$ cat start.cif   # mmCIF, C-alpha atoms
data_run
#
loop_
_atom_site.label_atom_id
_atom_site.label_comp_id
_atom_site.auth_asym_id
_atom_site.auth_seq_id
_atom_site.Cartn_x
_atom_site.Cartn_y
_atom_site.Cartn_z
CA MET A 21 -40.85 1.81 0.68
CA ASP A 22 -42.41 2.13 4.10
CA GLN A 23 -39.70 4.54 5.08
CA ARG A 24 -40.24 6.45 1.87
CA SER A 25 -43.94 6.97 2.46
CA GLY A 26 -43.29 7.94 6.07
CA PHE A 27 -40.74 10.46 4.89
CA GLU A 28 -43.15 11.99 2.38
CA ARG A 29 -45.95 12.11 4.90
CA LEU A 30 -43.78 14.03 7.37
CA THR A 31 -41.91 16.34 5.04
CA LEU A 32 -44.05 17.15 2.00
CA PRO A 33 -46.55 19.23 4.04
CA HIS A 34 -43.61 21.57 4.74
CA LEU A 35 -42.57 21.95 1.12
CA ASP A 36 -43.86 25.52 0.88
CA ALA A 37 -42.11 26.46 4.11
CA ALA A 38 -38.91 24.89 2.81
CA PHE A 39 -39.18 26.63 -0.53
CA ASN A 40 -40.00 29.96 1.09
CA LEU A 41 -36.95 29.81 3.35
CA ALA A 42 -34.68 28.78 0.49
CA PHE A 43 -36.09 31.51 -1.69
CA TRP A 44 -35.51 34.19 0.93
CA LEU A 45 -31.98 33.00 1.55
CA VAL A 46 -30.85 32.88 -2.08
CA ARG A 47 -33.44 35.27 -3.55
CA SER A 48 -33.96 33.25 -6.70
CA GLU A 49 -36.85 30.86 -7.39
CA ALA A 50 -34.84 28.65 -9.72
CA ASP A 51 -31.98 28.27 -7.27
CA ALA A 52 -34.40 27.77 -4.40
CA GLN A 53 -35.89 24.81 -6.29
CA ASP A 54 -32.49 23.17 -6.66
CA ILE A 55 -31.69 23.82 -3.02
CA VAL A 56 -34.96 22.36 -1.78
CA GLN A 57 -34.51 19.31 -3.97
CA ASP A 58 -31.02 18.81 -2.64
CA ALA A 59 -32.23 19.34 0.91
CA TYR A 60 -35.02 16.76 0.55
CA LEU A 61 -32.55 14.22 -0.73
CA ARG A 62 -30.23 14.89 2.19
CA ALA A 63 -33.14 14.77 4.60
CA PHE A 64 -34.23 11.42 3.17
CA ARG A 65 -30.73 10.00 3.57
CA GLY A 66 -30.69 11.13 7.18
CA PHE A 67 -34.31 10.23 7.83
CA HIS A 68 -33.58 7.10 9.87
CA GLY A 69 -31.81 9.40 12.33
CA PHE A 70 -34.88 11.58 12.73
CA ALA A 71 -36.85 10.62 15.81
CA GLY A 72 -38.56 13.89 16.68
CA ALA A 73 -42.24 14.63 16.48
CA ASP A 74 -41.96 17.91 14.58
CA ALA A 75 -40.35 17.54 11.19
CA ARG A 76 -40.55 21.21 10.24
CA PRO A 77 -37.59 22.65 12.20
CA TRP A 78 -35.54 19.59 11.29
CA LEU A 79 -36.31 19.94 7.59
CA LEU A 80 -35.84 23.72 7.61
CA ALA A 81 -32.44 23.32 9.25
CA ILE A 82 -31.39 21.06 6.37
CA VAL A 83 -32.78 23.51 3.82
CA ARG A 84 -30.94 26.33 5.52
CA ASN A 85 -27.65 24.43 5.45
CA ALA A 86 -28.14 23.63 1.78
CA ALA A 87 -28.87 27.28 1.04
CA TYR A 88 -25.79 28.51 2.90
CA ARG A 89 -23.69 25.90 1.12
CA TRP A 90 -25.02 27.18 -2.16
CA LEU A 91 -24.33 30.79 -1.18
CA SER A 92 -20.82 29.93 -0.10
CA ASN A 93 -20.10 28.06 -3.35
CA ARG A 94 -21.37 30.98 -5.38
CA ARG A 95 -19.27 33.41 -3.38
CA ARG A 96 -16.22 31.24 -3.78
CA SER A 97 -16.66 30.75 -7.49
CA ALA A 98 -17.24 34.48 -7.86
CA ASN A 99 -14.00 34.96 -5.92
CA VAL A 100 -15.56 37.41 -3.55
CA VAL A 101 -15.10 37.77 0.20
CA SER A 102 -15.31 34.76 2.46
CA LEU A 103 -18.60 33.43 3.69
CA ASP A 104 -17.81 34.20 7.30
CA GLU A 105 -16.95 37.74 6.52
CA ALA A 106 -20.10 38.23 4.50
CA PHE A 107 -22.66 36.45 6.61
CA GLY A 108 -21.05 35.35 9.79
CA SER A 109 -21.23 31.72 10.71
CA PRO A 110 -24.00 30.73 13.13
CA GLY A 111 -23.31 32.02 16.59
CA ASP A 112 -20.73 34.43 15.27
CA GLU A 113 -21.07 38.03 16.27
CA PRO A 114 -18.99 40.07 13.81
CA ALA A 115 -21.58 40.22 11.03
CA GLU A 116 -24.18 41.47 13.45
CA MET A 117 -21.75 43.96 14.86
CA GLN A 118 -21.14 45.44 11.44
CA ILE A 119 -24.81 45.96 10.84
CA ALA A 120 -25.93 47.15 14.19
CA SER A 121 -23.44 47.99 16.87
CA ASP A 122 -24.34 47.76 20.51
CA ASP A 123 -25.05 51.45 20.90
CA PRO A 124 -28.71 51.88 20.09
CA THR A 125 -29.39 52.99 16.57
CA PRO A 126 -31.91 55.81 16.33
CA GLU A 127 -35.39 54.45 15.94
CA VAL A 128 -37.15 55.17 12.71
CA HIS A 129 -40.83 55.81 12.83
CA LEU A 130 -42.69 54.61 9.78
CA MET A 131 -45.20 57.03 8.38
CA GLY A 132 -47.89 56.38 5.87
CA GLU A 133 -48.82 53.41 3.76
CA VAL A 134 -46.14 50.94 2.81
CA ASP A 135 -46.24 49.25 -0.54
CA ARG A 136 -46.03 45.46 -0.47
CA ASP A 137 -43.30 45.47 -3.08
CA LEU A 138 -41.30 47.82 -0.90
CA VAL A 139 -41.47 45.40 2.02
CA HIS A 140 -40.22 42.68 -0.28
CA ARG A 141 -37.29 44.80 -1.42
CA ALA A 142 -36.44 45.88 2.11
CA LEU A 143 -36.41 42.32 3.41
CA ALA A 144 -34.29 41.22 0.47
CA GLU A 145 -31.75 43.90 1.35
CA LEU A 146 -31.09 42.56 4.83
CA PRO A 147 -28.12 40.25 5.36
CA PRO A 148 -29.20 36.57 5.37
CA ILE A 149 -28.72 36.01 9.09
CA PHE A 150 -31.32 38.70 9.84
CA ARG A 151 -33.49 37.86 6.86
CA GLU A 152 -33.81 34.23 7.92
CA VAL A 153 -34.94 34.92 11.49
CA ILE A 154 -37.51 37.43 10.26
CA VAL A 155 -38.83 35.02 7.63
CA LEU A 156 -38.98 32.19 10.17
CA ARG A 157 -40.70 34.35 12.75
CA GLU A 158 -43.05 36.57 10.73
CA ILE A 159 -43.89 34.37 7.76
CA GLU A 160 -43.53 30.89 9.22
CA GLY A 161 -44.64 31.92 12.70
CA LEU A 162 -41.99 29.75 14.39
CA ALA A 163 -41.38 30.10 18.12
CA TYR A 164 -37.93 31.25 19.27
CA ARG A 165 -37.13 27.72 20.34
CA GLU A 166 -37.89 26.38 16.86
CA ILE A 167 -35.91 29.16 15.18
CA SER A 168 -33.05 28.23 17.43
CA ARG A 169 -33.29 24.64 16.20
CA VAL A 170 -33.33 25.71 12.56
CA THR A 171 -30.45 28.14 12.79
CA GLY A 172 -28.42 26.33 15.41
CA ALA A 173 -28.09 29.60 17.35
CA PRO A 174 -29.00 29.88 21.04
CA ILE A 175 -32.37 31.45 21.88
CA GLY A 176 -30.70 34.61 23.19
CA THR A 177 -28.95 35.05 19.85
CA VAL A 178 -32.22 34.43 18.03
CA MET A 179 -33.82 37.20 20.10
CA SER A 180 -31.06 39.70 19.47
CA ARG A 181 -30.92 38.91 15.76
CA LEU A 182 -34.67 39.36 15.51
CA ALA A 183 -34.55 42.69 17.33
CA ARG A 184 -31.68 44.00 15.23
CA GLY A 185 -33.14 42.57 12.05
CA ARG A 186 -36.48 44.26 12.63
CA ARG A 187 -34.80 47.56 13.46
CA GLU A 188 -32.74 47.32 10.27
CA LEU A 189 -35.84 46.44 8.33
CA ARG A 190 -37.62 49.55 9.58
CA LYS A 191 -34.62 51.66 8.63
CA VAL A 192 -34.38 50.20 5.14
CA LEU A 193 -38.12 50.56 4.67
CA SER A 194 -38.15 54.19 5.60
CA ARG A 195 -35.18 54.85 3.32
CA LEU A 196 -36.90 53.09 0.41
CA MET A 197 -40.08 55.05 1.10
CA ASP A 198 -38.13 58.30 0.94
CA GLN A 199 -36.57 57.24 -2.37
CA ASP A 200 -39.96 56.33 -3.75
CA LYS A 201 -41.62 59.60 -2.85
CA PRO A 202 -40.41 61.59 -5.91
CA HIS A 203 -41.85 58.88 -8.18
CA ALA A 204 -45.09 58.93 -6.33
CA VAL A 205 -45.49 62.66 -6.72
CA MET B 24 -40.36 49.18 34.38
CA GLN B 25 -37.71 51.37 32.74
CA CYS B 26 -37.86 52.18 29.03
CA ASN B 27 -34.46 50.52 28.39
CA ARG B 28 -35.63 47.28 29.90
CA ALA B 29 -38.95 47.51 28.10
CA ARG B 30 -37.20 47.96 24.75
CA GLU B 31 -35.20 44.80 25.38
CA LEU B 32 -38.31 42.79 26.02
CA ILE B 33 -40.79 44.38 23.70
CA GLU B 34 -40.05 42.06 20.75
CA ALA B 35 -40.43 38.99 22.91
CA TYR B 36 -43.66 40.47 24.24
CA PHE B 37 -45.20 40.76 20.80
CA ASP B 38 -43.80 37.38 19.82
CA GLU B 39 -45.61 35.93 22.84
CA GLU B 40 -42.38 34.60 24.25
CA LEU B 41 -42.57 36.42 27.58
CA GLY B 42 -43.49 34.90 30.91
CA GLY B 43 -46.28 36.16 33.20
CA ASP B 44 -44.58 38.85 35.33
CA ASP B 45 -42.64 40.48 32.49
CA ARG B 46 -45.73 40.32 30.36
CA SER B 47 -47.95 42.33 32.62
CA ALA B 48 -45.12 44.74 33.51
CA ILE B 49 -44.41 45.51 29.88
CA SER B 50 -48.01 45.91 28.87
CA SER B 51 -48.61 48.46 31.63
CA HIS B 52 -45.37 50.24 30.67
CA ILE B 53 -46.38 50.51 27.00
CA ALA B 54 -49.74 51.91 28.05
CA SER B 55 -48.04 54.64 30.07
CA CYS B 56 -45.04 55.50 27.83
CA ALA B 57 -45.54 57.43 24.60
CA SER B 58 -42.24 56.49 22.94
CA CYS B 59 -42.66 52.82 23.75
CA THR B 60 -46.19 52.94 22.40
CA ARG B 61 -44.83 54.31 19.15
CA LEU B 62 -42.14 51.63 19.03
CA ALA B 63 -44.75 48.98 19.71
CA SER B 64 -46.91 50.15 16.87
CA ASP B 65 -43.91 50.19 14.50
CA ILE B 66 -42.98 46.67 15.52
CA MET B 67 -46.49 45.45 14.99
CA ARG B 68 -46.80 47.20 11.65
CA THR B 69 -43.53 45.83 10.26
CA SER B 70 -44.40 42.47 11.60
CA SER B 71 -47.74 42.38 9.90
CA MET B 72 -46.30 43.83 6.68
CA VAL B 73 -43.77 41.04 6.46
CA ALA B 74 -46.35 38.45 7.43
CA GLY B 75 -48.53 39.95 4.71
CA LEU B 76 -45.96 38.96 2.11
CA GLY B 77 -46.96 35.37 2.74
CA ARG B 78 -45.05 32.35 1.68
CA LYS B 79 -43.47 32.06 -1.68
CA ALA B 80 -45.34 28.94 -2.76
CA ALA B 81 -43.28 26.11 -4.15
CA PRO B 82 -43.87 25.51 -7.88
CA ALA B 83 -46.18 22.54 -8.49
CA ALA B 84 -43.47 20.74 -10.45
CA LEU B 85 -41.15 20.72 -7.43
CA VAL B 86 -42.96 17.84 -5.72
CA SER B 87 -42.56 15.59 -8.73
CA ARG B 88 -38.92 16.62 -9.13
CA ILE B 89 -38.27 15.72 -5.50
CA ARG B 90 -40.14 12.42 -5.89
CA SER B 91 -38.14 11.39 -8.92
CA ARG B 92 -34.90 12.25 -7.12
CA LEU B 93 -36.02 10.08 -4.21
CA ASP B 94 -37.01 7.31 -6.65
CA ALA B 95 -33.56 7.42 -8.18
CA GLU B 96 -32.02 7.34 -4.73
CA GLY B 97 -34.18 4.35 -3.80
CA ARG B 98 -33.20 2.48 -6.98
CA GLU B 99 -29.53 3.09 -6.37
CA HIS B 100 -29.81 1.46 -3.00
CA ALA B 101 -32.42 -1.19 -3.68
CA GLU B 102 -31.52 -2.85 -6.98
CA PRO B 103 -28.33 -2.02 -8.83
CA PRO B 104 -28.81 -1.87 -12.61
CA GLN B 105 -28.01 -5.18 -14.35
CA VAL B 106 -25.74 -3.92 -17.11
CA PRO B 107 -24.04 -6.93 -18.77
CA TRP B 108 -20.57 -5.47 -19.36
CA GLN B 109 -20.46 -3.82 -16.02
CA MET B 110 -20.10 -5.82 -12.88
CA PRO B 111 -23.10 -5.15 -10.65
CA SER B 112 -21.99 -3.20 -7.65
CA GLY B 113 -23.55 -5.72 -5.24
CA VAL B 114 -21.28 -8.44 -6.57
CA VAL B 115 -18.26 -6.17 -6.39
CA TRP B 116 -19.01 -5.41 -2.78
CA ARG B 117 -19.52 -9.05 -1.97
CA GLN B 118 -16.25 -9.96 -3.62
CA ALA B 119 -14.47 -7.13 -1.88
CA ALA B 120 -15.93 -8.29 1.40
CA VAL B 121 -14.79 -11.88 0.78
CA LEU B 122 -11.35 -10.68 -0.24
CA ALA B 123 -11.09 -8.48 2.82
CA ALA B 124 -12.24 -11.35 5.02
CA CYS B 125 -9.58 -13.63 3.47
CA CYS B 126 -6.87 -11.04 4.03
CA MET B 127 -8.00 -10.55 7.58
CA LEU B 128 -8.11 -14.28 8.24
CA SER B 129 -4.67 -14.81 6.79
CA VAL B 130 -3.27 -11.96 8.85
CA LEU B 131 -4.84 -13.36 11.99
CA VAL B 132 -3.67 -16.91 11.33
CA THR B 133 -0.14 -15.78 10.52
CA TRP B 134 -0.10 -13.54 13.53
CA SER B 135 -1.39 -16.20 15.89
CA VAL B 136 0.95 -18.88 14.48
CA VAL B 137 3.95 -16.60 14.64
CA THR B 138 3.18 -15.25 18.07
CA SER B 139 2.12 -18.57 19.57
CA SER B 140 5.18 -20.40 18.20
CA ASP B 141 7.25 -17.46 19.36
CA GLN B 142 5.67 -17.67 22.77
CA ALA B 143 6.12 -21.43 23.03
CA ASP B 144 9.70 -21.11 21.91
CA ARG B 145 10.40 -18.33 24.37
CA LEU B 146 8.86 -20.35 27.20
CA GLN B 147 11.04 -23.35 26.36
CA GLN B 148 14.14 -21.17 26.26
CA GLU B 149 13.30 -19.62 29.58
CA ILE B 150 12.67 -22.96 31.24
CA VAL B 151 15.92 -24.42 29.96
CA ALA B 152 17.74 -21.28 31.05
CA ALA B 153 16.22 -21.52 34.51
CA HIS B 154 17.18 -25.18 34.67
CA ILE B 155 20.79 -24.42 33.72
CA ARG B 156 20.93 -21.53 36.20
CA SER B 157 19.78 -23.85 38.95
CA LEU B 158 22.62 -26.25 38.13
CA LEU B 159 25.20 -23.45 38.21
CA GLN B 160 24.34 -22.65 41.79
CA ASP B 161 25.53 -24.57 44.80
CA SER B 162 22.15 -26.09 45.23
CA PRO B 163 19.11 -26.15 43.00
CA ILE B 164 16.81 -26.28 46.01
CA GLN B 165 15.59 -23.92 48.71
CA VAL B 166 13.77 -26.53 50.73
CA ALA B 167 15.56 -29.80 50.96
CA SER B 168 13.37 -32.71 51.74
CA SER B 169 12.24 -35.95 50.29
CA ASP B 170 9.13 -35.63 52.39
CA THR B 171 6.19 -34.41 50.34
CA HIS B 172 4.58 -33.12 53.54
CA THR B 173 7.48 -30.74 53.99
CA VAL B 174 7.80 -29.60 50.42
CA LYS B 175 4.13 -29.04 49.66
CA PRO B 176 3.40 -26.73 52.62
CA TRP B 177 6.59 -24.83 51.85
CA PHE B 178 5.01 -23.64 48.59
CA ALA B 179 1.89 -22.40 50.34
CA GLY B 180 1.94 -18.60 50.27
CA ARG B 181 4.92 -18.62 47.92
CA VAL B 182 2.98 -19.49 44.77
CA ASP B 183 -0.66 -18.93 43.95
CA PHE B 184 -1.59 -22.59 43.71
CA ALA B 185 -0.84 -25.88 45.52
CA PRO B 186 1.45 -28.03 43.39
CA GLU B 187 1.06 -31.74 43.55
CA VAL B 188 4.17 -33.09 45.23
CA LYS B 189 5.00 -36.78 44.94
CA ASP B 190 8.01 -38.62 46.20
CA LEU B 191 9.03 -41.07 43.51
CA THR B 192 11.99 -42.65 45.31
CA ALA B 193 10.50 -46.09 44.81
CA GLU B 194 10.31 -45.44 41.07
CA GLY B 195 13.93 -44.28 40.94
CA PHE B 196 13.19 -40.54 40.98
CA PRO B 197 13.92 -39.42 44.54
CA LEU B 198 12.47 -36.02 45.45
CA VAL B 199 15.29 -33.71 46.48
CA GLY B 200 13.28 -30.65 47.36
CA GLY B 201 11.71 -27.53 45.97
CA ARG B 202 12.45 -23.92 45.10
CA LEU B 203 10.91 -20.86 43.60
CA ASP B 204 11.85 -19.54 40.21
CA TYR B 205 10.72 -16.88 37.82
CA VAL B 206 9.65 -17.93 34.34
CA ASP B 207 7.50 -16.26 31.69
CA GLY B 208 6.89 -13.21 33.84
CA ARG B 209 5.57 -15.07 36.86
CA ARG B 210 6.63 -16.90 39.96
CA VAL B 211 6.74 -20.65 39.50
CA GLY B 212 7.22 -23.55 41.85
CA VAL B 213 9.98 -26.01 41.01
CA LEU B 214 10.11 -29.61 42.20
CA VAL B 215 13.56 -31.07 42.00
CA TYR B 216 14.00 -34.78 41.39
CA ARG B 217 17.13 -36.79 40.92
CA ARG B 218 17.77 -39.71 38.62
CA ARG B 219 21.16 -41.18 39.26
CA LEU B 220 23.40 -38.13 38.78
CA HIS B 221 20.92 -36.20 36.70
CA VAL B 222 18.87 -33.40 38.13
CA VAL B 223 15.31 -33.05 36.90
CA ASN B 224 13.59 -29.70 37.39
CA VAL B 225 9.81 -29.84 37.22
CA PHE B 226 8.46 -26.33 36.86
CA THR B 227 4.83 -25.86 37.80
CA TRP B 228 2.57 -22.86 37.52
CA ARG B 229 -1.08 -22.11 37.29
CA ALA B 230 -2.22 -22.53 33.70
CA ARG B 231 -4.05 -19.63 32.01
CA THR B 232 -6.88 -21.95 31.01
CA ASP B 233 -8.27 -25.22 32.24
CA THR B 234 -7.57 -26.93 28.94
CA GLU B 235 -5.56 -30.08 29.34
CA THR B 236 -2.66 -30.45 26.98
CA ALA B 237 -0.73 -33.61 26.20
CA PRO B 238 3.00 -33.63 26.91
CA ALA B 239 4.92 -31.81 24.20
CA PHE B 240 8.49 -32.93 23.82
CA SER B 241 11.28 -30.71 22.66
CA ASN B 242 15.03 -30.57 22.89
CA LYS B 243 16.93 -27.38 23.52
CA ASN B 244 20.71 -27.30 23.54
CA GLY B 245 20.91 -30.94 24.60
CA HIS B 246 18.30 -30.59 27.31
CA ASN B 247 15.11 -32.54 26.99
CA LEU B 248 11.92 -30.75 27.78
CA LEU B 249 8.37 -31.92 28.34
CA ILE B 250 5.54 -29.47 28.80
CA TRP B 251 1.97 -30.41 29.64
CA THR B 252 -1.07 -29.14 31.44
CA ARG B 253 -3.24 -31.09 33.82
CA GLY B 254 -5.93 -30.00 36.25
CA GLY B 255 -5.32 -26.32 35.60
CA ILE B 256 -1.63 -26.60 36.38
CA ALA B 257 1.09 -26.40 33.79
CA TYR B 258 4.14 -28.62 34.13
CA ALA B 259 7.49 -28.38 32.45
CA ALA B 260 10.01 -31.14 33.17
CA VAL B 261 13.51 -30.43 32.00
CA SER B 262 16.67 -32.46 32.33
CA ASP B 263 19.63 -33.85 30.47
CA LEU B 264 18.07 -37.24 31.10
CA ASP B 265 17.28 -39.55 28.29
CA ALA B 266 13.98 -38.59 26.64
CA SER B 267 12.32 -41.91 27.48
CA GLU B 268 13.24 -41.61 31.16
CA LEU B 269 11.89 -38.09 31.24
CA GLN B 270 8.69 -39.36 29.68
CA ARG B 271 8.51 -42.02 32.36
CA LEU B 272 8.76 -39.39 35.06
CA GLN B 273 5.97 -37.49 33.35
CA THR B 274 3.65 -40.49 33.59
CA LEU B 275 4.50 -40.88 37.27
CA LEU B 276 3.78 -37.29 38.21
#

$ encode --input "start.cif" --output "C-alpha cells"
Amino acid sequence: MDQRSGFERLTLPHLDAAFNLAFWLVRSEADAQDIVQDAYLRAFRGFHGFAGADARPWLLAIVRNAAYRWLSNRRRSANVVSLDEAFGSPGDEPAEMQIASDDPTPEVHLMGEVDRDLVHRALAELPPIFREVIVLREIEGLAYREISRVTGAPIGTVMSRLARGRRELRKVLSRLMDQDKPHAV
Amino acid sequence: MQCNRARELIEAYFDEELGGDDRSAISSHIASCASCTRLASDIMRTSSMVAGLGRKAAPAALVSRIRSRLDAEGREHAEPPQVPWQMPSGVVWRQAAVLAACCMLSVLVTWSVVTSSDQADRLQQEIVAAHIRSLLQDSPIQVASSDTHTVKPWFAGRVDFAPEVKDLTAEGFPLVGGRLDYVDGRRVGVLVYRRRLHVVNVFTWRARTDTETAPAFSNKNGHNLLIWTRGGIAYAAVSDLDASELQRLQTLL
C-alpha cells in the first residue's frame, strides 16, 4: 500500500492536466474520463519503473498514448482512414506537410475581439498533433523539453509543430470570425 | 537580424525558450520591424486566448473512479478471491511452478545421464580403439626404455602435465616405453607395460577436475579397461590381460 499512496501523491495533483489533455485529444468529456482512468491504471502498473522527479510529463505521456489508442480504435471500428494517414505517428512529417507545407502560408492578422467559444471551436478543429502541443504549451505551460517528453518528438519537431499549429489556429480563428460576422450584425 | 530568421525564432522567444544572444537580437528586431511587431502581437493574443480557455477540470467523480480501479487492481494482485469451486490462482501458479520444475529436473537428469553415459562410453571406445591401433603397428612405443628417467622427461613438452612413470619390472610389469596418442579430442601420454606376452597401455591425461574417482572396470570387445583419476590426472589402463591382473597393475601405479 506504500507504493499505492506514493503513486497517488505523485499523480493525483495532475489529474486536471491529464483530463484536460485527454479531453482536447478526443474532444469528449465522457471518453476523456475513460481514457484518464485507463491511463492511471497503466501508470500504476508501470509505477515501479518511474524514477524521475517530475511525474507530470510521464503521466501525460501515458494519457496521450491512451488517447491515441482510443482514437485509433474508433477510427478502425468506423472503418475510416488509417491512424497514420489521419494524424501522423510521432516524428512523422506527412500529416504536418498536408496542413502546412514548407512554403510560408500567408499570415493572418486577427482583428477585433475574439469570442471565447470561437477559440474553443478553432482549437478543436486543428489536427490532434497540433492541438496537443498548443494545449501542452498554452494551457499547461510546459517547456519545450517537457512537451518533447510527453509527445516523444524531438524538441525541434515540437517547435515546428507549435509554430505551424499556432499559424493554423490564427487562420481558423479568422475564418470562424468571418463566418460569425453575419450573425453578429 | 533578418525578418526570416526572426520569424523562425519568434515563437521560441515568446515561449522563453531562447538563449541570451538570440533573445536580445530578436527583441531589438521586433522593436524596429513593423511586420514582425504585428506578428508578435498576433502570437501573444492567440497565446493568451488559448491560455484563457483554462483547463477542462476533471469531474469530481473521476478521482473515486480511479481509486476504485486501483483498489481492484491491488486486490487482484494481493489476495486472490477464495471462491470454493474455483481453484485460487495462487495455488494454480504454485502447482504449475512445481510441475514445471519437475519437468525441468527430469529433462536435466535424463540429459545428464544420457550424455554422461554417452561420454563415458565414447571414451571407453576411443581408448580401446587406440589400444588396438597401437598393437597393429610395428611398435606401440615412441620412446623405448625401461628407465623411468628416460620416459618421464620425454613427455615434457609433449603433454601438458608430468605423468607419473614407474618401472614395475620387479612386480612383473616391465615398462617398455611411452608414446603419444590422441583420445577424446586431446593429446594423451601413454605408458606401455608388458605382462608376459600381453601389452598394457596406460593412457594418462590431465583430468578436467581434481575429483578423485575410484577405478571403474569395463570390458569392451574382449579388452579389459580400468579408468580412474588420481591427483588431477586421469588414467585408463587397457589390455587383454585378465581383469584381476589389470587391477593389480592399477594398485601398483

$ closest_atom_pairs --input "start.cif" --of "chain B" --to "chain A" --cutoff "9 Å" --atoms "only C-alpha atoms" --output "tab-separated table"
residue	atom	partner	partner_atom	distance
B:Glu31	CA	A:Ala183	CA	8.3
B:Glu34	CA	A:Ala183	CA	6.5
B:Ala35	CA	A:Met179	CA	7.4
B:Asp38	CA	A:Ala163	CA	7.9
B:Glu39	CA	A:Ala163	CA	8.6
B:Glu40	CA	A:Tyr164	CA	7.5
B:Arg61	CA	A:His129	CA	7.6
B:Leu62	CA	A:His129	CA	7.6
B:Asp65	CA	A:Leu130	CA	6.6
B:Ile66	CA	A:Arg186	CA	7.5
B:Arg68	CA	A:Leu130	CA	8.7
B:Thr69	CA	A:Arg190	CA	7.0
B:Ser70	CA	A:Glu158	CA	6.1
B:Ser71	CA	A:Glu158	CA	7.5
B:Met72	CA	A:Val139	CA	6.9
B:Val73	CA	A:Glu158	CA	6.2
B:Ala74	CA	A:Ile159	CA	4.8
B:Gly75	CA	A:Ile159	CA	7.9
B:Leu76	CA	A:Arg136	CA	7.0
B:Gly77	CA	A:Ile159	CA	6.0
B:Arg78	CA	A:Asn40	CA	5.6
B:Lys79	CA	A:Asn40	CA	4.9
B:Ala80	CA	A:Asp36	CA	5.2
B:Ala81	CA	A:Asp36	CA	5.1
B:Pro82	CA	A:Gln53	CA	8.2
B:Leu85	CA	A:Gln53	CA	6.8
B:Val86	CA	A:Leu32	CA	7.8
B:Arg88	CA	A:Gln57	CA	7.3
B:Ile89	CA	A:Gln57	CA	5.4
B:Arg90	CA	A:Glu28	CA	8.8
B:Arg92	CA	A:Leu61	CA	7.1
B:Leu93	CA	A:Leu61	CA	6.4
B:Glu96	CA	A:Leu61	CA	8.0
B:Gly97	CA	A:Met21	CA	8.4

$ atom_distance --input "start.cif" --atom1 "atom CA of B:Ile155" --atom2 "atom CA of B:Ala143"
18.4 Å

$ atom_distance --input "start.cif" --atom1 "atom CA of A:Gly66" --atom2 "atom CA of B:Val121"
28.7 Å

$ residues_near_point --input "start.cif" --point "(-28.0, 30.5, 6.1)" --cutoff "7 Å" --atoms "all atoms listed in the file" --output "JSON, numbers by chain"
{"A": [45, 84, 85, 87, 88, 148, 149]}

$ axis_aligned_box --input "start.cif" --around "stretch 147-163 of chain A" --padding-each-side "5 Å" --output "JSON"
{"center_x": -36.4, "center_y": 35.0, "center_z": 11.7, "size_x": 26.5, "size_y": 20.5, "size_z": 22.8}

$ resolve_selection --input "start.cif" --expression "the PyMOL selection byres ((chain B and resi 212-215) around 7)" --output "JSON, numbers by chain"
{"B": [182, 198, 199, 200, 201, 202, 203, 204, 210, 211, 216, 217, 222, 223, 224, 225, 226, 227, 228]}

$ closest_residue --input "start.cif" --among "A:Arg181, A:Arg47, A:His68, A:Arg76" --to "A:Arg169" --atoms "all atoms listed in the file"
A:Arg76

$ resolve_selection --input "start.cif" --expression "the PyMOL selection byres ((chain B and resi 232) around 12)" --output "mmCIF file with C-alpha atoms, in the coordinates of the input"
data_model
loop_
_atom_site.group_PDB
_atom_site.id
_atom_site.type_symbol
_atom_site.label_atom_id
_atom_site.label_comp_id
_atom_site.auth_asym_id
_atom_site.auth_seq_id
_atom_site.Cartn_x
_atom_site.Cartn_y
_atom_site.Cartn_z
ATOM 1 C CA TRP B 228 2.570 -22.860 37.520
ATOM 2 C CA ARG B 229 -1.080 -22.110 37.290
ATOM 3 C CA ALA B 230 -2.220 -22.530 33.700
ATOM 4 C CA ARG B 231 -4.050 -19.630 32.010
ATOM 5 C CA ASP B 233 -8.270 -25.220 32.240
ATOM 6 C CA THR B 234 -7.570 -26.930 28.940
ATOM 7 C CA GLU B 235 -5.560 -30.080 29.340
ATOM 8 C CA THR B 236 -2.660 -30.450 26.980
ATOM 9 C CA THR B 252 -1.070 -29.140 31.440
ATOM 10 C CA ARG B 253 -3.240 -31.090 33.820
ATOM 11 C CA GLY B 254 -5.930 -30.000 36.250
ATOM 12 C CA GLY B 255 -5.320 -26.320 35.600
ATOM 13 C CA ILE B 256 -1.630 -26.600 36.380
ATOM 14 C CA ALA B 257 1.090 -26.400 33.790
#

$ atom_distance --input "start.cif" --atom1 "atom CA of B:Phe240" --atom2 "atom CA of B:Gln165"
27.4 Å

$ closest_residue --input "start.cif" --among "A:Leu30, A:Arg141, A:Ile82, A:Pro77" --to "A:Leu196" --atoms "all atoms listed in the file"
A:Arg141

$ residues_around --input "start.cif" --residues "B:Gln270" --least-positions-apart "4" --cutoff "8 Å" --atoms "all atoms listed in the file" --output "ChimeraX atom specification"
/B:249,266,274

$ resolve_selection --input "start.cif" --expression "the PyMOL selection byres ((chain B and resi 269) around 12)" --output "JSON, numbers by chain"
{"B": [195, 196, 216, 217, 218, 221, 222, 223, 224, 225, 238, 239, 240, 241, 242, 246, 247, 248, 249, 250, 259, 260, 261, 262, 263, 264, 265, 266, 267, 268, 270, 271, 272, 273, 274, 275, 276]}

$ closest_residue --input "start.cif" --among "A:Met197, A:Ala73, A:Ala86, A:Val46" --to "A:Arg151" --atoms "all atoms listed in the file"
A:Val46
